[in-house]
>>> print(open('work.cif').read())   # mmCIF, C-alpha atoms
data_protein
loop_
_atom_site.label_atom_id
_atom_site.label_comp_id
_atom_site.auth_asym_id
_atom_site.auth_seq_id
_atom_site.Cartn_x
_atom_site.Cartn_y
_atom_site.Cartn_z
CA MET A 1 -49.58 -39.93 -8.89
CA ARG A 2 -50.85 -36.71 -7.30
CA VAL A 3 -49.69 -37.87 -3.87
CA ARG A 4 -46.26 -38.70 -5.28
CA ALA A 5 -45.98 -35.30 -7.00
CA LEU A 6 -47.01 -33.53 -3.78
CA LEU A 7 -44.42 -35.48 -1.77
CA PHE A 8 -41.76 -34.67 -4.39
CA ARG A 9 -42.56 -30.92 -4.22
CA MET A 10 -42.46 -31.00 -0.41
CA LEU A 11 -39.11 -32.83 -0.38
CA THR A 12 -37.67 -30.41 -2.97
CA SER A 13 -38.79 -27.41 -0.88
CA VAL A 14 -37.12 -28.86 2.22
CA LEU A 15 -33.88 -29.51 0.33
CA ILE A 16 -33.82 -25.99 -1.15
CA ALA A 17 -34.54 -24.43 2.25
CA HIS A 18 -31.79 -26.53 3.81
CA ALA A 19 -29.34 -25.55 1.04
CA GLN A 20 -30.19 -21.87 1.52
CA GLU A 21 -29.50 -22.16 5.25
CA ASP A 22 -26.07 -23.69 4.52
CA VAL A 23 -24.99 -21.00 2.06
CA PHE A 24 -23.07 -18.28 3.90
CA THR A 25 -23.42 -14.71 2.66
CA CYS A 26 -21.13 -11.99 3.92
CA LYS A 27 -23.50 -9.47 5.55
CA THR A 28 -20.86 -6.82 6.27
CA PRO A 29 -20.09 -4.27 3.52
CA ALA A 30 -17.05 -6.52 2.77
CA LEU A 31 -15.22 -3.82 0.89
CA ALA A 32 -12.08 -5.72 -0.15
CA ASP A 33 -9.70 -6.62 -2.96
CA ILE A 34 -9.60 -10.42 -3.23
CA VAL A 35 -7.17 -12.23 -5.52
CA ILE A 36 -7.68 -15.98 -5.93
CA LEU A 37 -4.44 -17.83 -6.74
CA VAL A 38 -5.32 -21.14 -8.40
CA ASP A 39 -2.96 -24.08 -8.94
CA GLY A 40 -3.51 -25.25 -12.52
CA SER A 41 -0.65 -27.77 -12.60
CA SER A 42 -0.88 -31.13 -14.38
CA SER A 43 -1.40 -33.01 -11.09
CA VAL A 44 -4.85 -31.39 -10.73
CA GLY A 45 -6.31 -32.95 -13.88
CA ARG A 46 -9.21 -31.71 -16.01
CA VAL A 47 -12.01 -33.45 -14.06
CA ASN A 48 -10.78 -32.11 -10.72
CA PHE A 49 -10.29 -28.67 -12.27
CA LYS A 50 -14.04 -28.57 -13.03
CA THR A 51 -14.78 -29.41 -9.39
CA LEU A 52 -12.35 -26.65 -8.38
CA LYS A 53 -14.24 -24.16 -10.57
CA ASN A 54 -17.51 -25.09 -8.84
CA PHE A 55 -15.81 -24.36 -5.52
CA LEU A 56 -14.62 -20.97 -6.81
CA GLU A 57 -18.15 -20.14 -7.92
CA SER A 58 -19.43 -20.87 -4.40
CA LEU A 59 -16.76 -18.59 -2.89
CA VAL A 60 -17.69 -15.70 -5.18
CA GLN A 61 -21.41 -16.10 -4.41
CA ALA A 62 -20.77 -15.25 -0.75
CA PHE A 63 -19.72 -11.67 -1.51
CA VAL A 64 -21.25 -8.60 -3.12
CA VAL A 65 -19.03 -8.03 -6.14
CA GLY A 66 -18.81 -4.52 -7.53
CA SER A 67 -16.41 -1.71 -8.36
CA GLU A 68 -17.42 -0.03 -5.07
CA HIS A 69 -17.70 -3.28 -3.11
CA THR A 70 -15.65 -6.48 -3.28
CA ARG A 71 -13.37 -6.78 -6.27
CA VAL A 72 -12.21 -10.23 -7.36
CA GLY A 73 -9.16 -11.02 -9.47
CA LEU A 74 -7.79 -14.43 -10.42
CA VAL A 75 -4.31 -15.74 -11.26
CA GLN A 76 -3.73 -19.30 -12.43
CA TYR A 77 -0.26 -20.74 -12.07
CA SER A 78 1.83 -23.82 -12.74
CA GLY A 79 5.39 -23.39 -14.05
CA ASP A 80 4.57 -19.78 -14.85
CA PRO A 81 1.69 -17.68 -13.47
CA ARG A 82 -0.76 -15.76 -15.62
CA ILE A 83 -3.42 -13.21 -14.79
CA GLU A 84 -6.78 -14.54 -15.94
CA TRP A 85 -8.46 -11.28 -14.97
CA HIS A 86 -7.59 -8.21 -12.92
CA LEU A 87 -9.43 -6.84 -9.87
CA ASN A 88 -11.06 -4.16 -12.03
CA THR A 89 -12.05 -6.42 -14.94
CA HIS A 90 -15.47 -7.57 -13.64
CA SER A 91 -17.99 -5.43 -11.75
CA THR A 92 -20.78 -7.95 -10.97
CA ASN A 93 -21.10 -11.40 -9.38
CA GLU A 94 -22.56 -12.73 -12.62
CA SER A 95 -19.58 -11.52 -14.65
CA VAL A 96 -17.02 -13.07 -12.28
CA ILE A 97 -18.91 -16.37 -12.11
CA ASP A 98 -19.14 -16.49 -15.92
CA ALA A 99 -15.35 -15.96 -16.07
CA VAL A 100 -14.83 -18.75 -13.50
CA ARG A 101 -16.96 -21.18 -15.50
CA ASN A 102 -14.97 -20.41 -18.65
CA LEU A 103 -11.57 -20.59 -16.96
CA PRO A 104 -9.27 -22.74 -19.15
CA TYR A 105 -7.09 -25.42 -17.56
CA LYS A 106 -3.38 -24.56 -17.71
CA GLY A 107 -1.27 -27.62 -16.86
CA GLY A 108 2.44 -27.67 -15.97
CA ASN A 109 4.63 -27.79 -12.85
CA THR A 110 3.95 -26.33 -9.37
CA LEU A 111 5.93 -23.17 -8.60
CA THR A 112 3.88 -21.61 -5.83
CA GLY A 113 6.66 -19.30 -4.62
CA LEU A 114 7.01 -17.76 -8.08
CA ALA A 115 3.22 -17.29 -8.22
CA LEU A 116 3.13 -15.54 -4.82
CA THR A 117 5.86 -13.14 -5.96
CA TYR A 118 3.98 -12.58 -9.22
CA ILE A 119 0.75 -11.43 -7.60
CA LEU A 120 2.62 -9.10 -5.25
CA GLU A 121 4.24 -7.44 -8.27
CA ASN A 122 1.24 -7.47 -10.61
CA SER A 123 -2.16 -7.94 -8.97
CA PHE A 124 -2.05 -5.36 -6.17
CA LYS A 125 -1.33 -2.26 -8.27
CA PRO A 126 -3.63 0.72 -8.95
CA GLU A 127 -3.75 -0.04 -12.67
CA SER A 128 -4.89 -3.59 -11.83
CA GLY A 129 -7.75 -2.24 -9.72
CA SER A 130 -6.19 -2.44 -6.27
CA ARG A 131 -7.39 0.34 -3.95
CA PRO A 132 -5.59 2.09 -1.08
CA ASP A 133 -6.77 1.56 2.50
CA ILE A 134 -8.87 -1.47 1.52
CA PRO A 135 -8.36 -4.98 2.98
CA LYS A 136 -6.31 -7.07 0.56
CA ILE A 137 -6.85 -10.84 0.54
CA VAL A 138 -5.18 -13.72 -1.27
CA ILE A 139 -6.84 -17.14 -1.36
CA LEU A 140 -4.36 -19.78 -2.52
CA ILE A 141 -5.68 -23.16 -3.70
CA THR A 142 -3.12 -25.88 -4.45
CA ASP A 143 -3.01 -29.66 -4.68
CA GLY A 144 0.72 -30.32 -4.29
CA LYS A 145 4.04 -29.39 -2.76
CA SER A 146 5.77 -26.45 -4.42
CA GLN A 147 8.96 -27.00 -6.38
CA ASP A 148 10.35 -23.68 -5.16
CA ASP A 149 10.62 -21.70 -1.92
CA VAL A 150 7.35 -20.25 -0.61
CA LEU A 151 8.47 -18.80 2.73
CA SER A 152 10.10 -15.57 1.51
CA PRO A 153 7.40 -14.69 -1.09
CA ALA A 154 4.64 -15.32 1.46
CA GLN A 155 6.41 -13.16 4.04
CA ARG A 156 6.77 -10.32 1.54
CA LEU A 157 3.03 -10.44 0.85
CA ARG A 158 2.26 -10.32 4.57
CA ASP A 159 4.77 -7.48 5.03
CA ALA A 160 2.85 -5.57 2.38
CA GLY A 161 -0.31 -5.92 4.48
CA ILE A 162 -1.89 -8.69 2.40
CA GLU A 163 -3.83 -11.39 4.26
CA LEU A 164 -3.18 -14.95 3.08
CA PHE A 165 -5.56 -17.91 3.15
CA ALA A 166 -4.16 -21.30 2.06
CA ILE A 167 -6.30 -24.23 0.88
CA GLY A 168 -4.56 -27.57 0.23
CA ILE A 169 -6.02 -30.57 -1.55
CA LYS A 170 -4.87 -34.17 -1.81
CA SER A 171 -1.03 -34.08 -1.97
CA ALA A 172 -0.59 -30.55 -0.63
CA ASP A 173 2.17 -30.15 1.96
CA GLU A 174 0.64 -29.14 5.31
CA ASN A 175 3.83 -27.54 6.63
CA GLU A 176 4.05 -25.48 3.46
CA LEU A 177 0.44 -24.33 3.86
CA ARG A 178 1.20 -23.28 7.45
CA ALA A 179 4.22 -21.30 6.26
CA ILE A 180 2.06 -19.44 3.71
CA ALA A 181 -1.13 -18.73 5.66
CA SER A 182 -1.54 -15.69 7.85
CA PRO A 183 -2.29 -16.42 11.51
CA PRO A 184 -4.36 -17.86 13.08
CA GLU A 185 -3.95 -21.23 11.41
CA ASP A 186 -7.39 -22.57 12.33
CA THR A 187 -9.17 -19.88 10.26
CA HIS A 188 -6.59 -19.29 7.50
CA MET A 189 -5.46 -22.81 6.57
CA TYR A 190 -7.51 -25.71 5.18
CA ASN A 191 -6.37 -29.13 4.00
CA VAL A 192 -8.80 -31.61 2.44
CA ALA A 193 -8.28 -35.20 1.27
CA ASN A 194 -9.73 -34.76 -2.24
CA PHE A 195 -11.40 -32.28 -4.57
CA SER A 196 -14.91 -33.53 -3.73
CA ALA A 197 -14.32 -32.41 -0.13
CA LEU A 198 -13.94 -28.76 -1.20
CA SER A 199 -17.70 -28.26 -0.98
CA SER A 200 -17.55 -29.11 2.76
CA ILE A 201 -15.32 -26.11 3.55
CA VAL A 202 -17.07 -23.39 1.48
CA LYS A 203 -19.01 -22.04 4.43
CA GLY A 204 -15.99 -22.06 6.76
CA VAL A 205 -13.69 -20.36 4.26
CA THR A 206 -16.14 -17.63 3.23
CA ARG A 207 -17.09 -16.94 6.86
CA SER A 208 -13.42 -16.66 7.86
CA VAL A 209 -12.62 -14.35 4.94
CA CYS A 210 -15.67 -12.19 5.65
CA GLU A 211 -14.89 -11.85 9.36
CA ARG A 212 -11.26 -11.03 8.68
CA ILE A 213 -12.23 -8.35 6.15
CA SER A 214 -14.44 -6.76 8.79
CA GLU A 215 -11.62 -6.85 11.36
CA ILE A 216 -9.02 -5.43 8.94
CA SER A 217 -11.44 -2.65 7.92
CA LYS A 218 -11.76 -1.62 11.57
CA GLU A 219 -7.99 -1.76 12.05
CA ILE A 220 -7.46 0.43 8.97
CA SER A 221 -10.03 3.01 10.05
CA GLU A 222 -8.49 3.18 13.53
CA ASP A 223 -4.83 3.10 12.43
CA VAL A 224 -4.84 5.44 9.46
CA PHE A 225 -3.96 8.93 10.55
CA THR A 226 -5.41 11.71 8.41
CA CYS A 227 -4.13 15.25 8.70
CA LYS A 228 -7.22 17.22 9.69
CA THR A 229 -5.59 20.66 9.38
CA PRO A 230 -5.60 22.36 5.96
CA ALA A 231 -1.99 21.08 5.69
CA LEU A 232 -1.07 23.54 2.97
CA ALA A 233 2.55 22.56 2.28
CA ASP A 234 5.17 21.68 -0.30
CA ILE A 235 6.53 18.21 0.52
CA VAL A 236 9.49 16.66 -1.30
CA PHE A 237 10.40 13.01 -0.72
CA LEU A 238 14.13 12.34 -1.06
CA VAL A 239 14.39 8.59 -1.64
CA ASP A 240 17.59 6.55 -1.53
CA GLY A 241 17.58 4.23 -4.54
CA SER A 242 21.08 2.78 -4.09
CA TRP A 243 22.04 -0.85 -4.73
CA SER A 244 22.08 -1.72 -1.01
CA ILE A 245 18.29 -1.45 -0.87
CA GLY A 246 17.47 -4.13 -3.43
CA ARG A 247 14.39 -4.45 -5.63
CA PHE A 248 12.14 -6.24 -3.12
CA ASN A 249 12.85 -3.73 -0.36
CA PHE A 250 12.30 -0.91 -2.83
CA LYS A 251 8.77 -2.21 -3.41
CA THR A 252 8.15 -2.19 0.36
CA LEU A 253 9.50 1.37 0.43
CA LYS A 254 7.02 2.40 -2.28
CA ASN A 255 4.13 0.96 -0.26
CA PHE A 256 5.36 3.01 2.71
CA LEU A 257 5.42 6.18 0.58
CA GLU A 258 1.87 5.42 -0.53
CA SER A 259 0.77 5.26 3.13
CA LEU A 260 2.41 8.63 3.86
CA VAL A 261 0.70 10.31 0.90
CA GLN A 262 -2.69 8.93 2.00
CA ALA A 263 -2.58 11.07 5.15
CA PHE A 264 -2.74 14.38 3.27
CA VAL A 265 -5.15 16.25 1.02
CA VAL A 266 -3.15 16.47 -2.21
CA GLY A 267 -3.98 19.23 -4.67
CA SER A 268 -2.59 22.29 -6.42
CA GLU A 269 -4.23 24.44 -3.72
CA HIS A 270 -3.48 22.05 -0.87
CA THR A 271 -0.47 19.80 -0.25
CA ARG A 272 1.86 19.41 -3.19
CA VAL A 273 4.14 16.37 -3.36
CA GLY A 274 7.38 16.03 -5.32
CA LEU A 275 9.89 13.20 -5.33
CA VAL A 276 13.62 12.93 -5.98
CA GLN A 277 15.39 9.58 -6.12
CA TYR A 278 19.12 9.52 -5.58
CA SER A 279 22.15 7.24 -5.49
CA GLY A 280 25.38 8.38 -7.12
CA ASP A 281 23.45 11.15 -8.84
CA PRO A 282 20.00 12.49 -7.92
CA ARG A 283 17.14 12.81 -10.38
CA ILE A 284 13.73 14.46 -10.14
CA GLU A 285 11.04 11.82 -10.64
CA TRP A 286 8.33 14.48 -10.55
CA HIS A 287 8.05 18.11 -9.51
CA LEU A 288 5.74 19.61 -6.89
CA ASN A 289 3.40 20.84 -9.62
CA THR A 290 3.35 17.64 -11.71
CA HIS A 291 0.44 15.87 -9.98
CA SER A 292 -2.69 17.59 -8.70
CA THR A 293 -4.55 14.65 -7.10
CA LYS A 294 -3.73 12.06 -4.46
CA GLU A 295 -4.54 9.26 -6.90
CA ALA A 296 -2.02 10.61 -9.45
CA VAL A 297 0.74 10.85 -6.83
CA ILE A 298 0.07 7.31 -5.55
CA TYR A 299 0.09 5.95 -9.10
CA ALA A 300 3.46 7.65 -9.68
CA VAL A 301 4.81 6.28 -6.38
CA LEU A 302 3.81 2.70 -7.12
CA ASN A 303 5.33 2.92 -10.61
CA LEU A 304 8.57 4.50 -9.44
CA PRO A 305 11.49 2.70 -11.17
CA TYR A 306 14.40 1.47 -9.06
CA LYS A 307 17.58 3.44 -9.74
CA GLY A 308 20.57 1.63 -8.24
CA GLY A 309 24.03 3.07 -7.59
CA ASN A 310 26.05 4.48 -4.68
CA THR A 311 24.84 6.58 -1.71
CA LEU A 312 25.64 10.30 -1.97
CA THR A 313 23.09 11.84 0.38
CA GLY A 314 24.91 15.18 0.69
CA LEU A 315 24.84 15.70 -3.07
CA ALA A 316 21.12 14.85 -3.09
CA LEU A 317 20.34 17.37 -0.32
CA THR A 318 22.15 20.09 -2.28
CA TYR A 319 20.30 19.05 -5.44
CA ILE A 320 16.81 19.47 -3.99
CA LEU A 321 17.74 22.85 -2.51
CA GLU A 322 18.79 24.03 -5.95
CA ASN A 323 16.08 22.33 -8.02
CA SER A 324 12.96 21.25 -6.12
CA PHE A 325 12.05 24.42 -4.22
CA LYS A 326 11.82 26.82 -7.16
CA PRO A 327 8.68 28.56 -8.51
CA GLU A 328 8.98 26.76 -11.86
CA SER A 329 9.05 23.42 -9.97
CA GLY A 330 5.79 24.28 -8.19
CA SER A 331 7.17 25.62 -4.91
CA ARG A 332 5.03 28.39 -3.45
CA PRO A 333 6.03 31.42 -1.37
CA ASP A 334 4.91 31.61 2.27
CA VAL A 335 4.01 27.91 2.40
CA PRO A 336 5.68 25.38 4.77
CA LYS A 337 8.37 23.41 2.97
CA ILE A 338 9.14 19.86 4.06
CA VAL A 339 11.78 17.32 3.02
CA ILE A 340 11.40 13.66 4.01
CA LEU A 341 14.67 11.77 3.53
CA ILE A 342 14.56 7.96 3.45
CA THR A 343 17.89 6.12 3.33
CA ASP A 344 19.26 2.68 4.20
CA GLY A 345 23.00 3.42 4.46
CA LYS A 346 25.79 5.77 5.43
CA SER A 347 26.46 8.51 2.92
CA GLU A 348 29.72 8.50 0.99
CA ASP A 349 29.88 12.30 1.15
CA ASP A 350 29.32 15.08 3.69
CA VAL A 351 25.70 15.69 4.76
CA LEU A 352 26.18 18.33 7.47
CA SER A 353 26.70 21.42 5.27
CA PRO A 354 23.95 20.59 2.73
CA ALA A 355 21.47 19.85 5.55
CA GLN A 356 22.35 23.12 7.27
CA ARG A 357 21.81 25.08 4.04
CA LEU A 358 18.35 23.54 3.68
CA ARG A 359 17.47 24.47 7.27
CA ASP A 360 18.84 28.00 6.74
CA ALA A 361 16.49 28.32 3.77
CA GLY A 362 13.53 27.57 6.08
CA ILE A 363 13.05 23.98 4.90
CA GLU A 364 12.01 21.45 7.56
CA LEU A 365 13.85 18.12 7.43
CA PHE A 366 12.65 14.67 8.48
CA ALA A 367 15.12 11.75 8.31
CA ILE A 368 14.15 8.06 8.18
CA GLY A 369 16.95 5.51 8.36
CA ILE A 370 16.62 1.79 7.69
CA LYS A 371 18.91 -1.16 8.31
CA LYS A 372 22.48 0.14 7.89
CA ALA A 373 21.69 3.85 8.12
CA ASP A 374 24.14 5.82 10.26
CA GLU A 375 22.33 7.19 13.34
CA ASN A 376 24.87 9.96 13.92
CA GLU A 377 24.39 11.06 10.35
CA LEU A 378 20.61 11.12 10.77
CA ARG A 379 21.00 13.17 13.95
CA ALA A 380 23.24 15.62 12.10
CA ILE A 381 20.51 16.15 9.51
CA VAL A 382 17.84 16.89 12.16
CA PRO A 383 19.96 17.92 15.18
CA SER A 384 17.44 19.60 17.46
CA LEU A 385 14.26 17.69 16.60
CA LYS A 386 15.37 14.06 16.61
CA ASP A 387 12.46 12.84 18.78
CA THR A 388 9.84 13.86 16.21
CA HIS A 389 11.90 14.21 13.03
CA MET A 390 14.24 11.21 13.08
CA TYR A 391 13.47 7.49 12.82
CA ASN A 392 15.92 4.58 12.62
CA LEU A 393 14.59 1.10 11.84
CA ALA A 394 16.09 -2.39 11.82
CA ASN A 395 14.50 -3.45 8.52
CA PHE A 396 12.14 -2.36 5.75
CA SER A 397 9.17 -4.28 7.15
CA ALA A 398 9.27 -1.99 10.20
CA LEU A 399 8.45 1.05 8.03
CA PHE A 400 4.73 0.40 8.43
CA SER A 401 5.00 0.66 12.22
CA ILE A 402 5.98 4.34 11.96
CA VAL A 403 3.46 5.56 9.36
CA GLU A 404 1.16 7.15 11.92
CA GLY A 405 4.02 8.69 13.92
CA VAL A 406 5.68 10.20 10.85
CA THR A 407 2.48 11.59 9.31
CA ARG A 408 1.28 12.97 12.64
CA SER A 409 4.63 14.71 13.25
CA ILE A 410 4.63 16.21 9.76
CA CYS A 411 1.02 17.35 10.06
CA GLU A 412 1.59 19.01 13.44
CA ARG A 413 4.77 20.70 12.26
CA ILE A 414 3.04 22.03 9.12
CA SER A 415 0.35 23.53 11.34
CA GLU A 416 2.96 25.15 13.60
CA ILE A 417 4.98 26.55 10.68
CA SER A 418 1.81 27.91 9.07
CA LYS A 419 1.00 29.83 12.27
CA GLU A 420 4.56 31.14 12.46
CA ILE A 421 4.39 32.33 8.84
CA SER A 422 1.00 34.03 9.17
CA GLY A 423 1.69 35.67 12.52
CA LYS A 424 5.37 36.47 12.67
CA ALA A 425 5.97 40.01 13.93
CA VAL A 426 8.66 42.01 12.14
CA PRO A 427 10.09 45.14 13.92
CA TYR A 428 10.24 48.40 11.99
CA PRO A 429 10.73 52.12 12.68
CA GLN A 430 7.31 53.81 12.85
CA SER A 431 8.19 56.22 10.06
CA ASP A 432 9.14 53.33 7.73
CA ALA A 433 6.01 51.23 8.13
CA PRO A 434 4.65 50.32 4.68
CA SER A 435 1.21 51.78 4.03
CA ASP A 436 -0.19 48.64 2.41
CA LEU A 437 0.33 46.44 5.50
CA GLU A 438 -1.77 46.40 8.64
CA THR A 439 0.07 47.15 11.87
CA SER A 440 -0.43 44.87 14.84
CA GLU A 441 -1.66 45.97 18.24
CA VAL A 442 1.92 45.77 19.48
CA LYS A 443 3.49 49.18 18.88
CA GLY A 444 6.56 49.06 16.66
CA PHE A 445 5.65 45.90 14.69
CA TRP A 446 3.72 45.08 11.56
CA VAL A 447 2.34 41.63 10.81
CA THR A 448 3.50 40.13 7.55
CA PRO A 449 4.14 36.66 6.23
CA THR A 450 7.70 35.43 6.54
CA ARG A 451 9.67 35.87 3.33
CA PRO A 452 11.53 32.69 2.38
CA ALA A 453 15.27 32.85 1.95
CA LYS A 454 16.55 33.00 -1.60
CA LEU A 455 17.26 29.53 -2.95
#
>>> encode(input="work.cif", output="structure tokens")
Amino acid sequence: MRVRALLFRMLTSVLIAHAQEDVFTCKTPALADIVILVDGSSSVGRVNFKTLKNFLESLVQAFVVGSEHTRVGLVQYSGDPRIEWHLNTHSTNESVIDAVRNLPYKGGNTLTGLALTYILENSFKPESGSRPDIPKIVILITDGKSQDDVLSPAQRLRDAGIELFAIGIKSADENELRAIASPPEDTHMYNVANFSALSSIVKGVTRSVCERISEISKEISEDVFTCKTPALADIVFLVDGSWSIGRFNFKTLKNFLESLVQAFVVGSEHTRVGLVQYSGDPRIEWHLNTHSTKEAVIYAVLNLPYKGGNTLTGLALTYILENSFKPESGSRPDVPKIVILITDGKSEDDVLSPAQRLRDAGIELFAIGIKKADENELRAIVPSLKDTHMYNLANFSALFSIVEGVTRSICERISEISKEISGKAVPYPQSDAPSDLETSEVKGFWVTPTRPAKL
């Protein structure tokens, strides 16, 4: 009996050691927002759904879950998707695993396209726990062919910078999985014959996700431009919200605005950010002095409602001159003033005179055109600085390719304007020099900040 017990203990130790060797743990910091999208349709069945939950538990175990580490959210879908928990709901591995074990089975049809659209609109938002400049991952697990289109929703997720992994089981359509998964296919797409086979891919999936998180983190740290100067400025975004943009493109536009804001130190004593949305009539979404932190501005950007209407850019330019750059709106004297116009079409009114009045008032204009924007019109808004102040793009997805260029140009121009303001020499007759200002070393000048034109 003793010999048998000893052999049993030895065999158990070997099996445990072997199991520990096979379990992959992500050794990198793995700071990421991971949303698991689980097919809970009737074709899965309750027994297989339990096997699927065991697989989910193994995935979660590979990462360090925490509010400052990896966050894990989960959406279950069939005919209609539902959020089981948000990214910021659970702050420990144990809490997520407990939620996985208690995940109820949904049942219903298979509308994967609808589910992909749903998580783009609901899971990756600040209020759901999604963080800026953090790798964003979706792991889709499905056992059948979708009853709706998946190509467009998947592309919109990828355009928003979200990495997609697709795991198919049993009757899943391999071509559909390929269309959903981010490249390369050999690390982002898996297709297994049955639910029991899920355990054989745990290590491969978790290793691929971990390695991609590490790569994306490096790309983000290298690609994200941060304005290192004090960048003390009043920046107003003038955003075209006309019907030609459409709701999906408007969401892409909001993500672009978020990326621009990230480059600056936002605060009442630093960069202030206001936003006006326009179409047939402009409206102030928030003033320069409404938000005093970067997080508050980004939250407002991502929750910006879509307006709709015609495109009257000239009227909008006049509106911000008369309303956004006033002391009661938070505009400060002797601070660089910037307007960033983003539009997707030709204006139905004149833009030349309003743009000139803004420039005459000392306000720097940047113009970003998308799709059907009129290049001559954009040039008229920024006539002498089109190389650094004007951008014209073929589509909304291309916005992310210019983030660094736009933010760098704005940052450099703010620095230049600040120097001009602080060091501009104003001629005066010696007898008229004001006693409370220091004269410069150049005879006949005193140094004083530039006084802005009356608005």
>>> closest_residue(input="work.cif", among="A:Thr110, A:Thr271, A:Asn122, A:Ser58", to="A:Glu94", atoms="all atoms listed in the file")
A:Ser58
>>> resolve_selection(input="work.cif", expression="the PyMOL selection byres ((chain A and resi 260) around 12)", output="MDAnalysis selection string")
chainID A and resid 132:133 224:227 235:237 253:259 261:266 273 294 297:298 301 340 399:411
>>> residues_around(input="work.cif", residues="A:Ile36", least_positions_apart="5", cutoff="8 Å", atoms="all atoms listed in the file", output="PDB file with C-alpha atoms, in the coordinates of the input")
ATOM      1  CA  VAL A  72     -12.210 -10.230  -7.360  1.00  0.00           C
ATOM      2  CA  GLY A  73      -9.160 -11.020  -9.470  1.00  0.00           C
ATOM      3  CA  LEU A  74      -7.790 -14.430 -10.420  1.00  0.00           C
ATOM      4  CA  VAL A  75      -4.310 -15.740 -11.260  1.00  0.00           C
ATOM      5  CA  VAL A 138      -5.180 -13.720  -1.270  1.00  0.00           C
ATOM      6  CA  ILE A 139      -6.840 -17.140  -1.360  1.00  0.00           C
ATOM      7  CA  LEU A 140      -4.360 -19.780  -2.520  1.00  0.00           C
ATOM      8  CA  ILE A 141      -5.680 -23.160  -3.700  1.00  0.00           C
TER       9      ILE A 141
END
>>> closest_residue(input="work.cif", among="A:Arg82, A:Arg71, A:Lys53, A:Lys106", to="A:Ser41", atoms="all atoms listed in the file")
A:Lys106
>>> closest_residue(input="work.cif", among="A:Lys50, A:Lys218, A:Arg413, A:Arg207", to="A:Pro135", atoms="all atoms listed in the file")
A:Lys218
>>> closest_residue(input="work.cif", among="A:Val96, A:Ile417, A:Leu312, A:Val35", to="A:Ser130", atoms="all atoms listed in the file")
A:Val35
>>> decode(input="work.cif", residues="stretch 294-303 of chain A", atoms="N, CA, C and O atoms", output="PDB file, in the first residue's frame")
ATOM      1  N   LYS A 294      -7.665  66.690 -19.137  1.00  0.00           N
ATOM      2  CA  LYS A 294      -7.657  65.952 -20.404  1.00  0.00           C
ATOM      3  C   LYS A 294      -8.756  64.881 -20.406  1.00  0.00           C
ATOM      4  O   LYS A 294      -9.443  64.683 -21.412  1.00  0.00           O
ATOM      5  N   GLU A 295      -8.916  64.210 -19.269  1.00  0.00           N
ATOM      6  CA  GLU A 295      -9.904  63.141 -19.181  1.00  0.00           C
ATOM      7  C   GLU A 295     -11.322  63.681 -19.429  1.00  0.00           C
ATOM      8  O   GLU A 295     -12.139  63.047 -20.105  1.00  0.00           O
ATOM      9  N   ALA A 296     -11.603  64.875 -18.883  1.00  0.00           N
ATOM     10  CA  ALA A 296     -12.938  65.468 -19.055  1.00  0.00           C
ATOM     11  C   ALA A 296     -13.195  65.839 -20.515  1.00  0.00           C
ATOM     12  O   ALA A 296     -14.291  65.632 -21.035  1.00  0.00           O
ATOM     13  N   VAL A 297     -12.162  66.371 -21.186  1.00  0.00           N
ATOM     14  CA  VAL A 297     -12.316  66.729 -22.602  1.00  0.00           C
ATOM     15  C   VAL A 297     -12.541  65.477 -23.442  1.00  0.00           C
ATOM     16  O   VAL A 297     -13.424  65.437 -24.306  1.00  0.00           O
ATOM     17  N   ILE A 298     -11.745  64.430 -23.196  1.00  0.00           N
ATOM     18  CA  ILE A 298     -11.883  63.188 -23.969  1.00  0.00           C
ATOM     19  C   ILE A 298     -13.258  62.555 -23.752  1.00  0.00           C
ATOM     20  O   ILE A 298     -13.894  62.076 -24.697  1.00  0.00           O
ATOM     21  N   TYR A 299     -13.729  62.595 -22.521  1.00  0.00           N
ATOM     22  CA  TYR A 299     -15.065  62.056 -22.236  1.00  0.00           C
ATOM     23  C   TYR A 299     -16.123  62.826 -23.036  1.00  0.00           C
ATOM     24  O   TYR A 299     -17.033  62.230 -23.625  1.00  0.00           O
ATOM     25  N   ALA A 300     -15.980  64.154 -23.072  1.00  0.00           N
ATOM     26  CA  ALA A 300     -16.922  64.990 -23.828  1.00  0.00           C
ATOM     27  C   ALA A 300     -16.835  64.701 -25.327  1.00  0.00           C
ATOM     28  O   ALA A 300     -17.852  64.653 -26.026  1.00  0.00           O
ATOM     29  N   VAL A 301     -15.616  64.501 -25.828  1.00  0.00           N
ATOM     30  CA  VAL A 301     -15.415  64.190 -27.249  1.00  0.00           C
ATOM     31  C   VAL A 301     -16.114  62.883 -27.615  1.00  0.00           C
ATOM     32  O   VAL A 301     -16.861  62.803 -28.598  1.00  0.00           O
ATOM     33  N   LEU A 302     -15.876  61.847 -26.832  1.00  0.00           N
ATOM     34  CA  LEU A 302     -16.414  60.532 -27.156  1.00  0.00           C
ATOM     35  C   LEU A 302     -17.929  60.459 -26.984  1.00  0.00           C
ATOM     36  O   LEU A 302     -18.580  59.551 -27.510  1.00  0.00           O
ATOM     37  N   ASN A 303     -18.497  61.408 -26.249  1.00  0.00           N
ATOM     38  CA  ASN A 303     -19.950  61.455 -26.066  1.00  0.00           C
ATOM     39  C   ASN A 303     -20.606  62.561 -26.884  1.00  0.00           C
ATOM     40  O   ASN A 303     -21.773  62.900 -26.666  1.00  0.00           O
TER      41      ASN A 303
END
